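Let me begin by presenting the structure, written as structure tokens, before commenting on it.
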Amino acid sequence: MIATLARRAKRAAEATNERRVLVFAGDRDRGIDAAYTAIEAVLGEHADGVSVVSTREGFRFEEYRPRGADGLLGRTRDVVVLDCHEQFVPNALGRCVGAVDGGGLLVLVAPALDAWQETRDRFDESLAVPPYGLDDVTGRFRERLVDTLRTHPGIALVSLGDGPDGSAAVERDALSAGPVDSTGSGTVSQTPTVPPDPVFPDAAYEACLTADQARAVRAFEPLSTPGNAVVVEADRGRGKSSAAGIAAGELALAGADVLVTAPGIRNAAEVFTRSREVIGRGIERDGDDVERFENAAEATRGLDAPGGGRVRYLSPAAASELPESPDVVIVDEAAALPVRLLEGLLDAPSIAFCTTVHGYEGSGRGFAVRFRERLLASRFAVRDVRLDEPIRYARDDPIEAWASHALLLDARPAVAEAVAGTAAEDARYRALAPGDLLADETLLGEAFGLLVAAHYRTEPNDLARLLDAPNLLARALVADDRVVAIALLAREGGLDATTRERMYEGKRIRGNMVPDLLTSQLRDEAAAEPRGIRIVRIATHGALRDKGFGSRLLAEIHAEFGIRSTESGVDYFSVGYGATPRLLRFWRRADYRTVHLSTSRNDASGEHSAVMLRPAGEAGDSLLGRHAIAFRDRERDGLSDAHRAVDADVVRGALRACSAPVPIDLTEAEWRSVVGASFGPGMYDSAPGAFRDIALAALIEADEAGDTALDDREERLLVRKVLQGRPAESVADDLGFVSTAACMRALGDAYVPLVERYGTAVAFAERERFTSE
């Protein structure tokens with residue numbers, strides 16, 4: 001029966017160039033046996049195009065662990081088997097679906113469907129963050145998934161009994177998913193053709209599989225001339241990365257240095273595969289040349305083309321510095337990268353951004369909302385191209401629609417017209433309980449769509465966390481039942497003494513980011529005892545940004561949870577994020593105060609991470625008090641060491657949000673040096689420590705309203721020269737002074753009002769020597 005069903009599924013998939021899903025639900029061993037039977041029925045004994053994702057080992061096919069299913073990215077397989085027992089990872093499901101080729105099968109080996117939502121596995125253990133246990137994790141994500149398996153076309157369900165002799169029954173056979181066109185090959189694609197007067201050779205277009213892909217390759221041609229940019233948007237599986245790879249290879253053959261970046265090297269694998277094909281075609285067919293090229297290309301991080309061109313990969317953080325001055329930059333999966341990092345790439349001569357509109361690496365909507373305006377306002381002539389025609393399967397593939405629904409890859413906020421004109425004060429604050437989200441697909445889609453649009457990487461795992469994790473809460477502002485702002489919150493802390501001791505000794509405790517940082521890294525064993533609420537993400541609808549919705553939502557959250565006497569009350573609120581001047585200002589105005597700035601940049605975001613606290617009671621006051629002082633003292637020395645390269649405006653924002661005042665306790669000699677450099681002929685180098693203390697105090701105590709003693713350039717001068725200890729020559733260049741001498745004179749002038757603010761009787765007496773007539 002299973003072999004017959006598998007052959008029918010394969011014939012239906014091949015007839016339409018679509019994909020089909022077989023679900024074997026029940027006993028695990030019987031499910032794996034059924035998967036083998038299905039594979040042999042459709043591919044025979046020696047199947048090469050099969051991958052298995054499972055916690056078990058020993059399959060005779062290509063194997064991946066559930067947490068390692070990223071290895072399937074860029075792969076195409078005839079059959080992919082996902083073992084959902086023991087560790088069902090939603091991200092792995094997305095990877096598996098994406099790896100199945102048109103005419104292929106996805107086989108799910110799952111627990112009995114009626115019992116699956118009650119099953120707890122190793123993925124659930126990752127959601128059971130202390131002080132919660134595994135029994136606190138729910139199964140709503142699987143409940144919803146099972147419902148989609150039972151309702152979407154293109155999916156067959158087989159129920160397997162327990163044990164080797166259990167019965168098997170076809171619960172659902174929905175393998176026929178729709179009409180087939182007259183050719184029997186699914187939706188008909190337009191044939192790609194060579195455009196008139198191409199810059200790239202005809203072979204570049206002959207390598208394309210659809211007319212859409214050929215149009216995309218054509219759009220890359222202007223990148224050979226500085227001042228051009230192209231944006232390529234597509235849903236997954238449309239061939240945008242392949243088009244980028246073809247273009248990159250042709251540009252390199254023409255002598256260009258092409259820098260490719262993506263969230264990870266694996267994301268750029270298809271770009272390099274196609275570039276390698278193109279460059280290999282351009283190499284003289286001398287055996288030694290070909291061998292050298294293939295050996296050099298093995299790492300896929302660098303391809304040298306004849307004539308001096310090349311295609312090379314760098315991580316986003318490294319690429320943003322544009323090392324070795326590339327001629328062209330190609331950003332794949334651009335929607336998965338933060339806007340600030342993308343902005344750093346706009347100094348390239350020519351640039352291309354390839355984005356996935358609906359996908360688990362990021363959302364093209366977020367890219368469009370948050371970066372498109374900046375790109376259009378830049379010096380580039382921008383050309384847009386969209387790919388709609390799937391490369392590997394038919395346009396109407398039912399499994400693409402199922403995966404998009406099941407994993408909410410197509411989640412989007414409410415349409416702008418439905419929320420336009422809403423005022424923050426008119427919106428209603430409400431809890432988004434997981435049960436409410438599960439019962440209302442529109443509410444779930446709008447809420448998750450806002451989270452997707454707000455963050456550079458939101459994954460299917462995040463959907464499972466939203467529905468099932470006991471430590472996570474969602475709060476929203478709604479207008480006419482439309483979600484206009486949302487915050488994802490995590491309960492942290494409240495840990496017992498034994499757990500706190502283990503954390504202090506180096507044991508990582510899941511789901512407690514801020515307590516873990518304060519305890520294990522900053523050496524405060526008591527930090528995990530107070531109860532906190534961490535703002536994991538906060539998002540406002542794109543049509544309503546900068547209209548006070550984020551501040552209103554935070555105010556409601558503070559009011560709800562900031563009552564320590566209630567069961568839901570907490571001792572403090574916290575947030576951790578990639579620090580930018582704008583975000584530091586937003587959180588400071590919400591009364592959050594800095595306690596940490598990471599010493600290294602995040603590889604994906606390219607930012608130094610800031611952690612901030614807002615007390616909600618005595619325990620929170622105590623926690624912030626001691627860590628604000630520790631942060632202040634670390635920065636006094638760290639800014640000339642680990643933080644020497646941090647952006648001056650990030651330093652200013654982080655210090656301004658520090659709540660620990662700086663005690664100024666200078667010796668008489670130090671005050672004479674400071675006054676001498678400010679009002680007379682003295683020099684900064686005579687007492688750098690004294691200048692550092694005053695600079696730190698001035699930046700921390702800068703007036704909230706912006707009415708400070710110093711202007712922006714003077715504050716940057718204090719950061720770069722005094723606190724970070726950069727050479728005067730580079731500081732002068734960076735801040736636009738006409739000379740090093742002018743820069744140092746400006747530094748002395750900046751201390752004039754600071755002497756007035758912090759000076760002692762000794763300082764004022766010394767000042768009189770230079771100011772009295």
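By convention here, the chains of the structure tokens are called A, B, ... in the order presented, each chain's residues are numbered starting at 1, and ligands are numbered starting at 1 in the order presented.
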
Using only C-alpha atoms, which residues of region 613-728 of chain A come within 12 Å of region 483-503 of chain A, and what is the closest atom pair for each, with the distance in Å to one decimal? Give it as CSV, sorted by chain and residue number.
residue,atom,partner,partner_atom,distance
A:Ala619,CA,A:Gly494,CA,11.4
A:Gly620,CA,A:Gly493,CA,11.4
A:Leu623,CA,A:Gly493,CA,11.9

Export, as a PDB file, in the first residue's frame, the selected residues with N, CA and C atoms.
ATOM      1  N   ALA A 619      14.571  46.038  44.435  1.00  0.00           N
ATOM      2  CA  ALA A 619      15.565  45.087  43.933  1.00  0.00           C
ATOM      3  C   ALA A 619      16.105  45.535  42.578  1.00  0.00           C
ATOM      4  N   GLY A 620      15.230  46.097  41.744  1.00  0.00           N
ATOM      5  CA  GLY A 620      15.676  46.613  40.454  1.00  0.00           C
ATOM      6  C   GLY A 620      16.563  47.833  40.612  1.00  0.00           C
ATOM      7  N   LEU A 623      19.946  46.542  41.609  1.00  0.00           N
ATOM      8  CA  LEU A 623      20.615  45.895  40.483  1.00  0.00           C
ATOM      9  C   LEU A 623      21.179  46.934  39.519  1.00  0.00           C
TER      10      LEU A 623
END

Backbone-only DSSP, strand (DSSP E) members of region 449-620 of chain A, as an NGL selection string: :A and (472-479 or 482-493 or 531-540 or 572-578 or 593-601 or 608-615)

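Nearest-residue note for Gly154 (chain A): choosing from A:Ala348, A:Leu699, A:Leu127, A:Ala174, the minimum distance belongs to A:Ala174, counting only C-alpha atoms.
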
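Of the residues under consideration (A:Arg281, A:His608, A:His643, A:Arg537), A:Arg281 shows the shortest atom-to-atom contact distance to Pro201 (chain A) when counting only C-alpha atoms.
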
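Near Pro663 (chain A), within a cut-off of 8 Å and counting only C-alpha atoms, sit the residues A:Pro661, A:Asp665, A:Ala697, with same-chain residues fewer than 2 positions away left out.
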
If you keep C-alpha atoms, can you produce a file of those selected residues as a PDB file, in the first residue's frame?
ATOM      1  CA  PRO A 661      27.426  60.064  38.153  1.00  0.00           C
ATOM      2  CA  ASP A 665      38.321  64.201  42.600  1.00  0.00           C
ATOM      3  CA  ALA A 697      31.293  63.094  33.677  1.00  0.00           C
TER       4      ALA A 697
END

To test your reading of the structure, identify every residue in region 383-463 of chain A that backbone DSSP assigns to alpha helix (DSSP H), and report it as a PyMOL selection string. chain A and resi 398-406+416-419+434-439+441-454+460-463

Which residues are close to Phe573 (chain A), i.e. within 12 Å by only C-alpha atoms, leaving aside same-chain residues fewer than 3 positions away? Reply as a ChimeraX atom specification. /A:489-493,514-515,530-536,554-555,557-564,569-570,576,587,590-593,611-617,619-621,623-624

Nearest to Thr760 (chain A), restricted to only C-alpha atoms and choosing among A:Val199, A:Leu666, A:Leu341, A:Ala394, comes out as A:Leu666

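For the choices A:Ala761, A:Ala6, A:Ala336, A:Leu259, the atom-to-atom distance to Asp173 (chain A) is smallest for A:Ala6 when using only C-alpha atoms.
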
List the neighbours of region 370-383 of chain A out to 10 Å using only C-alpha atoms; skip same-chain residues closer than 4 positions along the sequence, and give me the result as a compact mmCIF listing (two decimals) with all heavy atoms, in the first residue's frame.
# COMPACT_ATOMS: atom_id res chain seq x y z
N ALA A 219 19.57 43.02 -15.74
CA ALA A 219 19.56 44.16 -14.82
C ALA A 219 20.91 44.36 -14.15
O ALA A 219 21.24 45.47 -13.71
CB ALA A 219 18.48 43.97 -13.76
N PHE A 220 21.72 43.32 -14.08
CA PHE A 220 23.05 43.43 -13.47
C PHE A 220 24.08 44.10 -14.40
O PHE A 220 25.12 44.54 -13.93
CB PHE A 220 23.58 42.04 -13.08
CG PHE A 220 23.04 41.51 -11.79
CD1 PHE A 220 21.91 40.70 -11.78
CD2 PHE A 220 23.65 41.80 -10.59
CE1 PHE A 220 21.41 40.20 -10.59
CE2 PHE A 220 23.16 41.31 -9.40
CZ PHE A 220 22.03 40.50 -9.40
N PRO A 222 24.42 47.03 -15.90
CA PRO A 222 24.92 48.39 -15.61
C PRO A 222 25.90 48.48 -14.45
O PRO A 222 26.56 49.51 -14.28
CB PRO A 222 23.63 49.17 -15.29
CG PRO A 222 22.54 48.40 -15.96
CD PRO A 222 22.94 46.98 -15.86
N PRO A 226 30.27 52.57 -12.51
CA PRO A 226 29.99 53.11 -11.17
C PRO A 226 28.73 53.97 -11.15
O PRO A 226 28.36 54.60 -12.15
CB PRO A 226 31.24 53.94 -10.86
CG PRO A 226 32.32 53.32 -11.68
CD PRO A 226 31.65 52.87 -12.95
N GLY A 227 28.06 53.97 -9.99
CA GLY A 227 26.88 54.80 -9.82
C GLY A 227 25.58 54.08 -10.07
O GLY A 227 24.51 54.70 -10.03
N ASN A 228 25.62 52.76 -10.28
CA ASN A 228 24.41 52.01 -10.55
C ASN A 228 24.12 51.02 -9.42
O ASN A 228 25.04 50.50 -8.78
CB ASN A 228 24.55 51.24 -11.86
CG ASN A 228 24.44 52.16 -13.07
OD1 ASN A 228 23.36 52.66 -13.38
ND2 ASN A 228 25.55 52.40 -13.73
N ALA A 229 22.85 50.80 -9.18
CA ALA A 229 22.42 49.83 -8.19
C ALA A 229 21.24 49.05 -8.76
O ALA A 229 20.46 49.57 -9.56
CB ALA A 229 22.00 50.52 -6.89
N VAL A 230 21.11 47.81 -8.32
CA VAL A 230 19.99 46.97 -8.74
C VAL A 230 19.43 46.29 -7.50
O VAL A 230 20.18 45.89 -6.59
CB VAL A 230 20.40 45.94 -9.81
CG1 VAL A 230 21.48 44.99 -9.28
CG2 VAL A 230 19.19 45.14 -10.29
N VAL A 231 18.10 46.18 -7.44
CA VAL A 231 17.42 45.45 -6.38
C VAL A 231 16.65 44.31 -7.02
O VAL A 231 15.79 44.54 -7.88
CB VAL A 231 16.46 46.36 -5.59
CG1 VAL A 231 15.68 45.55 -4.57
CG2 VAL A 231 17.22 47.49 -4.91
N VAL A 232 16.98 43.09 -6.64
CA VAL A 232 16.32 41.90 -7.17
C VAL A 232 15.50 41.28 -6.07
O VAL A 232 16.03 40.87 -5.03
CB VAL A 232 17.35 40.88 -7.70
CG1 VAL A 232 16.63 39.66 -8.29
CG2 VAL A 232 18.25 41.51 -8.74
N ALA A 335 17.63 41.22 2.93
CA ALA A 335 16.60 41.50 3.93
C ALA A 335 16.93 40.92 5.29
O ALA A 335 16.35 41.32 6.29
CB ALA A 335 15.26 40.92 3.45
N PRO A 338 20.78 44.00 8.96
CA PRO A 338 20.29 45.26 9.52
C PRO A 338 20.54 46.44 8.58
O PRO A 338 21.52 46.45 7.82
CB PRO A 338 21.10 45.42 10.81
CG PRO A 338 21.66 44.08 11.10
CD PRO A 338 21.83 43.40 9.79
N VAL A 339 19.66 47.41 8.66
CA VAL A 339 19.75 48.57 7.79
C VAL A 339 21.08 49.30 7.97
O VAL A 339 21.70 49.72 7.00
CB VAL A 339 18.57 49.51 8.05
CG1 VAL A 339 18.78 50.86 7.36
CG2 VAL A 339 17.27 48.88 7.57
N ARG A 340 21.52 49.48 9.20
CA ARG A 340 22.76 50.22 9.44
C ARG A 340 23.96 49.58 8.74
O ARG A 340 24.82 50.26 8.21
CB ARG A 340 23.02 50.33 10.95
CG ARG A 340 24.24 51.18 11.31
CD ARG A 340 24.32 51.36 12.81
NE ARG A 340 25.55 51.99 13.24
CZ ARG A 340 25.75 53.30 13.28
NH1 ARG A 340 24.79 54.11 12.90
NH2 ARG A 340 26.90 53.79 13.69
N LEU A 342 23.73 47.67 6.00
CA LEU A 342 23.52 47.87 4.56
C LEU A 342 23.94 49.28 4.15
O LEU A 342 24.50 49.48 3.07
CB LEU A 342 22.05 47.65 4.21
CG LEU A 342 21.51 46.22 4.38
CD1 LEU A 342 20.02 46.19 4.11
CD2 LEU A 342 22.23 45.24 3.47
N GLU A 343 23.68 50.25 5.02
CA GLU A 343 24.06 51.63 4.70
C GLU A 343 25.57 51.77 4.51
O GLU A 343 26.03 52.56 3.69
CB GLU A 343 23.59 52.57 5.80
CG GLU A 343 22.09 52.80 5.81
CD GLU A 343 21.67 53.69 6.96
OE1 GLU A 343 22.35 53.69 8.00
OE2 GLU A 343 20.66 54.40 6.81
N LEU A 346 26.86 51.37 0.96
CA LEU A 346 26.48 52.33 -0.08
C LEU A 346 27.64 53.17 -0.58
O LEU A 346 27.48 53.97 -1.50
CB LEU A 346 25.36 53.24 0.42
CG LEU A 346 24.01 52.55 0.66
CD1 LEU A 346 22.98 53.55 1.18
CD2 LEU A 346 23.51 51.89 -0.61
N ASP A 347 28.82 53.00 0.02
CA ASP A 347 30.00 53.67 -0.49
C ASP A 347 30.66 52.90 -1.63
O ASP A 347 31.66 53.36 -2.19
CB ASP A 347 31.02 53.88 0.64
CG ASP A 347 30.56 54.93 1.64
OD1 ASP A 347 29.82 55.84 1.22
OD2 ASP A 347 30.93 54.84 2.82
N PRO A 349 31.28 51.44 -5.39
CA PRO A 349 31.02 52.07 -6.70
C PRO A 349 29.70 51.65 -7.32
O PRO A 349 28.94 52.48 -7.84
CB PRO A 349 32.21 51.59 -7.55
CG PRO A 349 33.30 51.31 -6.56
CD PRO A 349 32.60 50.76 -5.37
N SER A 350 29.41 50.33 -7.29
CA SER A 350 28.14 49.80 -7.78
C SER A 350 27.70 48.70 -6.84
O SER A 350 28.53 48.03 -6.21
CB SER A 350 28.29 49.24 -9.20
OG SER A 350 28.58 50.26 -10.13
N ILE A 351 26.38 48.48 -6.75
CA ILE A 351 25.92 47.54 -5.73
C ILE A 351 24.62 46.89 -6.17
O ILE A 351 23.81 47.49 -6.89
CB ILE A 351 25.75 48.25 -4.38
CG1 ILE A 351 25.56 47.24 -3.26
CG2 ILE A 351 24.61 49.27 -4.42
CD1 ILE A 351 25.78 47.81 -1.87
N ALA A 352 24.43 45.64 -5.73
CA ALA A 352 23.20 44.90 -5.99
C ALA A 352 22.69 44.32 -4.68
O ALA A 352 23.48 43.82 -3.87
CB ALA A 352 23.43 43.78 -7.00
N GLY A 364 11.64 40.50 2.67
CA GLY A 364 11.84 41.59 1.74
C GLY A 364 11.01 42.81 2.08
O GLY A 364 11.36 43.93 1.73
N ARG A 365 9.89 42.60 2.80
CA ARG A 365 9.09 43.75 3.21
C ARG A 365 9.86 44.62 4.19
O ARG A 365 9.81 45.83 4.13
CB ARG A 365 7.77 43.26 3.84
CG ARG A 365 6.88 42.55 2.85
CD ARG A 365 5.56 42.18 3.48
NE ARG A 365 5.72 41.43 4.72
CZ ARG A 365 6.01 40.14 4.76
NH1 ARG A 365 6.19 39.48 3.64
NH2 ARG A 365 6.12 39.52 5.92
N GLY A 366 10.57 43.98 5.12
CA GLY A 366 11.37 44.76 6.05
C GLY A 366 12.45 45.54 5.33
O GLY A 366 12.72 46.70 5.64
N ALA A 453 8.69 42.01 10.02
CA ALA A 453 9.09 43.27 9.39
C ALA A 453 10.04 44.07 10.28
O ALA A 453 10.82 44.88 9.79
CB ALA A 453 7.86 44.11 9.06
N ALA A 454 9.97 43.83 11.59
CA ALA A 454 10.76 44.65 12.52
C ALA A 454 12.16 44.13 12.73
O ALA A 454 13.03 44.85 13.21
CB ALA A 454 10.06 44.71 13.88
N GLY A 542 4.55 49.90 9.74
CA GLY A 542 5.34 50.81 8.92
C GLY A 542 4.62 52.10 8.57
O GLY A 542 5.26 53.14 8.40

Using only C-alpha atoms, which protein or nucleic acid residues come within 8 Å of region 108-125 of chain A? Drop anything in the same chain fewer than 5 positions from it, and give the result as number ranges by chain. A: 21-28, 31-32, 35, 81-89, 134, 137-143, 146, 159-160

Could you please determine the separation between CA of Leu175 (chain A) and CA of Ala92 (chain A) in Å, to one decimal place?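 Separation between CA of Leu175 (chain A) and CA of Ala92 (chain A): 23.1 Å.
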
Could you jot down the CA of Ala423 (chain A) to CA of Phe448 (chain A) separation for me, Å, one decimal place? 21.7 Å

Which value, in Å to one decimal, gives the distance between CA of Ala677 (chain A) and CA of Asp749 (chain A)? 8.4 Å

If you count only C-alpha atoms, which residues fall within 12 Å of Ala447 (chain A), apart from same-chain ones fewer than 6 positions away, as number ranges by chain? A: 408, 411-414, 431-434, 436-438, 440-441, 453-454, 463, 466-467, 474-478, 481-488, 537-541

Create the file for the chosen residues now, containing N, CA, C and O atoms and written as a compact mmCIF listing (two decimals), in the first residue's frame.
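Just written: out-v4.txt:
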# COMPACT_ATOMS: atom_id res chain seq x y z
N LEU A 408 4.14 30.41 8.34
CA LEU A 408 3.87 31.85 8.24
C LEU A 408 5.00 32.59 7.51
O LEU A 408 5.38 33.70 7.89
N ALA A 411 3.57 35.78 6.31
CA ALA A 411 2.94 36.67 7.29
C ALA A 411 3.24 38.12 6.97
O ALA A 411 4.36 38.47 6.61
N ARG A 412 2.25 38.95 7.12
CA ARG A 412 2.43 40.37 6.83
C ARG A 412 1.53 41.20 7.73
O ARG A 412 0.49 40.74 8.17
N PRO A 413 1.96 42.42 8.03
CA PRO A 413 1.10 43.30 8.85
C PRO A 413 -0.19 43.64 8.10
O PRO A 413 -0.33 43.37 6.90
N ALA A 414 -1.11 44.26 8.81
CA ALA A 414 -2.33 44.76 8.16
C ALA A 414 -1.97 45.73 7.05
O ALA A 414 -0.94 46.42 7.12
N ALA A 431 -3.39 41.96 25.61
CA ALA A 431 -2.52 40.80 25.61
C ALA A 431 -2.86 39.93 24.42
O ALA A 431 -4.04 39.75 24.09
N LEU A 432 -1.84 39.41 23.78
CA LEU A 432 -2.04 38.45 22.69
C LEU A 432 -1.73 37.07 23.24
O LEU A 432 -0.62 36.56 23.12
N ALA A 433 -2.71 36.47 23.88
CA ALA A 433 -2.52 35.15 24.47
C ALA A 433 -2.31 34.12 23.37
O ALA A 433 -2.95 34.21 22.30
N PRO A 434 -1.44 33.14 23.58
CA PRO A 434 -1.20 32.13 22.53
C PRO A 434 -2.48 31.45 22.06
O PRO A 434 -2.63 31.18 20.87
N ASP A 436 -5.45 32.76 21.90
CA ASP A 436 -6.15 33.70 21.02
C ASP A 436 -5.50 33.74 19.64
O ASP A 436 -6.19 33.82 18.62
N LEU A 437 -4.17 33.71 19.62
CA LEU A 437 -3.46 33.71 18.34
C LEU A 437 -3.76 32.46 17.54
O LEU A 437 -3.95 32.50 16.32
N LEU A 438 -3.79 31.31 18.23
CA LEU A 438 -4.07 30.05 17.54
C LEU A 438 -5.47 30.04 16.96
O LEU A 438 -5.70 29.48 15.88
N ASP A 440 -7.23 32.61 15.88
CA ASP A 440 -7.51 33.69 14.93
C ASP A 440 -6.33 33.85 13.98
O ASP A 440 -5.33 34.47 14.30
N GLU A 441 -6.45 33.28 12.79
CA GLU A 441 -5.36 33.31 11.81
C GLU A 441 -5.01 34.72 11.38
O GLU A 441 -3.83 35.05 11.15
N ALA A 453 8.69 42.01 10.02
CA ALA A 453 9.09 43.27 9.39
C ALA A 453 10.04 44.07 10.28
O ALA A 453 10.82 44.88 9.79
N ALA A 454 9.97 43.83 11.59
CA ALA A 454 10.76 44.65 12.52
C ALA A 454 12.16 44.13 12.73
O ALA A 454 13.03 44.85 13.21
N LEU A 463 8.07 31.38 15.52
CA LEU A 463 6.62 31.15 15.55
C LEU A 463 6.29 30.11 16.62
O LEU A 463 5.32 30.28 17.39
N LEU A 466 6.60 31.74 20.00
CA LEU A 466 5.47 32.63 20.27
C LEU A 466 4.26 31.85 20.77
O LEU A 466 3.55 32.28 21.69
N LEU A 467 4.02 30.67 20.19
CA LEU A 467 2.84 29.89 20.52
C LEU A 467 3.04 28.98 21.73
O LEU A 467 2.07 28.66 22.43
N ALA A 474 3.24 38.22 24.66
CA ALA A 474 3.06 39.20 23.59
C ALA A 474 2.02 40.23 24.02
O ALA A 474 0.97 39.88 24.56
N ARG A 475 2.35 41.49 23.79
CA ARG A 475 1.43 42.58 24.08
C ARG A 475 1.34 43.46 22.85
O ARG A 475 2.31 43.61 22.11
N ALA A 476 0.18 44.07 22.63
CA ALA A 476 -0.03 44.80 21.39
C ALA A 476 -0.92 46.00 21.60
O ALA A 476 -1.65 46.12 22.60
N LEU A 477 -0.83 46.92 20.65
CA LEU A 477 -1.82 47.97 20.48
C LEU A 477 -2.64 47.61 19.25
O LEU A 477 -2.08 47.26 18.20
N VAL A 478 -3.95 47.68 19.36
CA VAL A 478 -4.82 47.35 18.24
C VAL A 478 -5.76 48.52 17.98
O VAL A 478 -6.15 49.25 18.89
N ASP A 481 -9.41 46.29 15.67
CA ASP A 481 -9.01 44.88 15.65
C ASP A 481 -7.81 44.62 14.74
O ASP A 481 -7.52 43.45 14.44
N ARG A 482 -7.12 45.67 14.31
CA ARG A 482 -5.89 45.51 13.54
C ARG A 482 -4.69 45.75 14.45
O ARG A 482 -4.67 46.72 15.21
N VAL A 483 -3.69 44.87 14.36
CA VAL A 483 -2.49 45.03 15.19
C VAL A 483 -1.63 46.14 14.60
O VAL A 483 -1.18 46.05 13.46
N VAL A 484 -1.41 47.20 15.38
CA VAL A 484 -0.62 48.32 14.88
C VAL A 484 0.73 48.44 15.57
O VAL A 484 1.62 49.14 15.09
N ALA A 485 0.91 47.76 16.69
CA ALA A 485 2.21 47.72 17.37
C ALA A 485 2.24 46.46 18.22
O ALA A 485 1.20 46.03 18.74
N ILE A 486 3.41 45.88 18.37
CA ILE A 486 3.52 44.64 19.13
C ILE A 486 4.86 44.60 19.85
O ILE A 486 5.86 45.15 19.37
N ALA A 487 4.86 43.99 21.01
CA ALA A 487 6.09 43.74 21.77
C ALA A 487 6.13 42.28 22.18
O ALA A 487 5.12 41.74 22.65
N LEU A 488 7.27 41.66 21.99
CA LEU A 488 7.50 40.30 22.45
C LEU A 488 8.36 40.39 23.71
O LEU A 488 9.43 41.00 23.70
N ARG A 537 11.52 42.07 21.37
CA ARG A 537 11.32 42.84 20.14
C ARG A 537 10.15 43.78 20.34
O ARG A 537 9.21 43.46 21.06
N ILE A 538 10.21 44.90 19.67
CA ILE A 538 9.07 45.82 19.67
C ILE A 538 8.96 46.39 18.26
O ILE A 538 9.97 46.73 17.63
N ALA A 539 7.75 46.42 17.75
CA ALA A 539 7.57 46.82 16.35
C ALA A 539 6.30 47.63 16.20
O ALA A 539 5.28 47.35 16.84
N THR A 540 6.38 48.63 15.35
CA THR A 540 5.22 49.46 15.00
C THR A 540 4.95 49.30 13.50
O THR A 540 5.89 49.16 12.70
N HIS A 541 3.71 49.31 13.13
CA HIS A 541 3.34 49.20 11.72
C HIS A 541 4.07 50.28 10.91
O HIS A 541 4.19 51.43 11.34

Counting only C-alpha atoms, which of A:Leu518, A:Arg386, A:Val595, A:Phe61 gets nearest to Val217 (chain A)?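 That would be A:Arg386, the residue with the smallest distance to Val217 (chain A).
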
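Checking A:Asp480, A:Glu766, A:Asp136, A:Glu459 one by one against Gly94 (chain A), counting only C-alpha atoms, you find the shortest gap at A:Glu459.
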